[in-house]
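*Asks:* Below is the structure I would like to discuss, written out as structure tokens.
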Amino acid sequence: MRSNFRQVQYRYLLDTNILSDLVKHPMGTIFTKIKSVGEDEICTSIIVACELRFGAEKSGSSRIKERVESKHSGQRQKPGFWQIAR
């Protein structure tokens, strides 16, 4: 029986700490690394995405909230920020 699921392989699964740093420093070291490996090589989990949203809300920083939300709404914008396991 053939599965309807497409198998996707990524080289990097980014965790909350890495993506939190990326939100705080959008043109920093993490951005440079993502750019060098290519956005199709990275992903994160839905759990990490939710943790980032929770943290942004809890921080009270409108700047952080805007960054997190803008990256969630455009999942494939800029180097793979929110390429959540397709």
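Chain labels A, B, ... are given in the sequence in which chains occur in the structure tokens; within each chain residues are numbered consecutively from 1, and ligands are likewise numbered from 1 in the order shown.
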Could you name the residues that touch Glu66 (chain A) at 12 Å or less, counting only C-alpha atoms, but leaving out those on the same chain fewer than 3 positions away, as a VMD selection string?
*Replies:* chain A and resid 23 to 24 52 to 53 56 to 57 59 to 63 69 to 73
*Asks:* For C-alpha atoms, I'd like the residues from the last selection saved as an mmCIF file, in the first residue's frame.
*Replies:*
```
data_model
loop_
_atom_site.group_PDB
_atom_site.id
_atom_site.type_symbol
_atom_site.label_atom_id
_atom_site.label_comp_id
_atom_site.auth_asym_id
_atom_site.auth_seq_id
_atom_site.Cartn_x
_atom_site.Cartn_y
_atom_site.Cartn_z
ATOM 1 C CA VAL A 23 14.323 36.658 16.364
ATOM 2 C CA LYS A 24 16.465 38.864 18.619
ATOM 3 C CA LEU A 52 8.226 31.308 20.470
ATOM 4 C CA ARG A 53 4.747 32.770 20.222
ATOM 5 C CA ALA A 56 6.922 36.783 22.552
ATOM 6 C CA GLU A 57 3.531 37.379 24.146
ATOM 7 C CA SER A 59 7.823 39.396 26.910
ATOM 8 C CA GLY A 60 5.472 42.308 26.362
ATOM 9 C CA SER A 61 7.778 43.580 23.604
ATOM 10 C CA SER A 62 5.810 44.702 20.565
ATOM 11 C CA ARG A 63 8.992 44.485 18.470
ATOM 12 C CA GLU A 69 4.189 36.846 14.066
ATOM 13 C CA SER A 70 5.527 38.122 10.755
ATOM 14 C CA LYS A 71 7.754 35.087 10.456
ATOM 15 C CA HIS A 72 4.882 32.727 11.316
ATOM 16 C CA SER A 73 2.507 34.271 8.816
#
```
*Asks:* Mind the document's chain letters and residue numbers, and return as a ChimeraX atom specification the residues of region 8-45 of chain A that DSSP labels strand (DSSP E).
*Replies:* /A:12-14,42-44
*Asks:* Mind writing the picked residues with N, CA, C and O atoms as a PDB file, in the first residue's frame?
*Replies:*
```pdb
ATOM      1  N   TYR A  12      18.821  20.122   9.358  1.00  0.00           N
ATOM      2  CA  TYR A  12      18.835  20.815  10.637  1.00  0.00           C
ATOM      3  C   TYR A  12      17.421  21.007  11.166  1.00  0.00           C
ATOM      4  O   TYR A  12      16.559  21.509  10.464  1.00  0.00           O
ATOM      5  N   LEU A  13      17.222  20.645  12.427  1.00  0.00           N
ATOM      6  CA  LEU A  13      15.972  20.897  13.140  1.00  0.00           C
ATOM      7  C   LEU A  13      16.291  21.959  14.190  1.00  0.00           C
ATOM      8  O   LEU A  13      17.008  21.685  15.154  1.00  0.00           O
ATOM      9  N   LEU A  14      15.802  23.169  13.991  1.00  0.00           N
ATOM     10  CA  LEU A  14      16.150  24.279  14.877  1.00  0.00           C
ATOM     11  C   LEU A  14      15.266  24.289  16.113  1.00  0.00           C
ATOM     12  O   LEU A  14      14.058  24.141  16.019  1.00  0.00           O
ATOM     13  N   ILE A  42      16.521  23.316   6.449  1.00  0.00           N
ATOM     14  CA  ILE A  42      16.175  23.526   7.859  1.00  0.00           C
ATOM     15  C   ILE A  42      14.676  23.452   8.094  1.00  0.00           C
ATOM     16  O   ILE A  42      13.879  23.643   7.183  1.00  0.00           O
ATOM     17  N   CYS A  43      14.323  23.179   9.327  1.00  0.00           N
ATOM     18  CA  CYS A  43      12.922  23.191   9.743  1.00  0.00           C
ATOM     19  C   CYS A  43      12.889  23.377  11.250  1.00  0.00           C
ATOM     20  O   CYS A  43      13.923  23.433  11.916  1.00  0.00           O
ATOM     21  N   THR A  44      11.700  23.485  11.779  1.00  0.00           N
ATOM     22  CA  THR A  44      11.503  23.485  13.214  1.00  0.00           C
ATOM     23  C   THR A  44      10.208  22.731  13.488  1.00  0.00           C
ATOM     24  O   THR A  44       9.527  22.324  12.559  1.00  0.00           O
TER      25      THR A  44
END
```
*Asks:* Counting only C-alpha atoms, which of A:Leu22, A:Ile47, A:Val68, A:Val37 gets nearest to Tyr10 (chain A)?
*Replies:*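 Checking each of A:Leu22, A:Ile47, A:Val68, A:Val37 against Tyr10 (chain A), counting only C-alpha atoms, the winner is A:Val37.
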*Asks:* Which residue is closest to Leu19 (chain A)? Choose from A:Glu41, A:Lys35, A:Val48, A:Ile64 and count only C-alpha atoms.
*Replies:*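 Smallest separation from Leu19 (chain A) among the options: A:Val48.
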*Asks:* Using Å and a single decimal, report how far CA of Asp15 (chain A) sits from CA of Gly38 (chain A).
*Replies:*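 CA of Asp15 (chain A) lies at a distance of 17.0 Å from CA of Gly38 (chain A).
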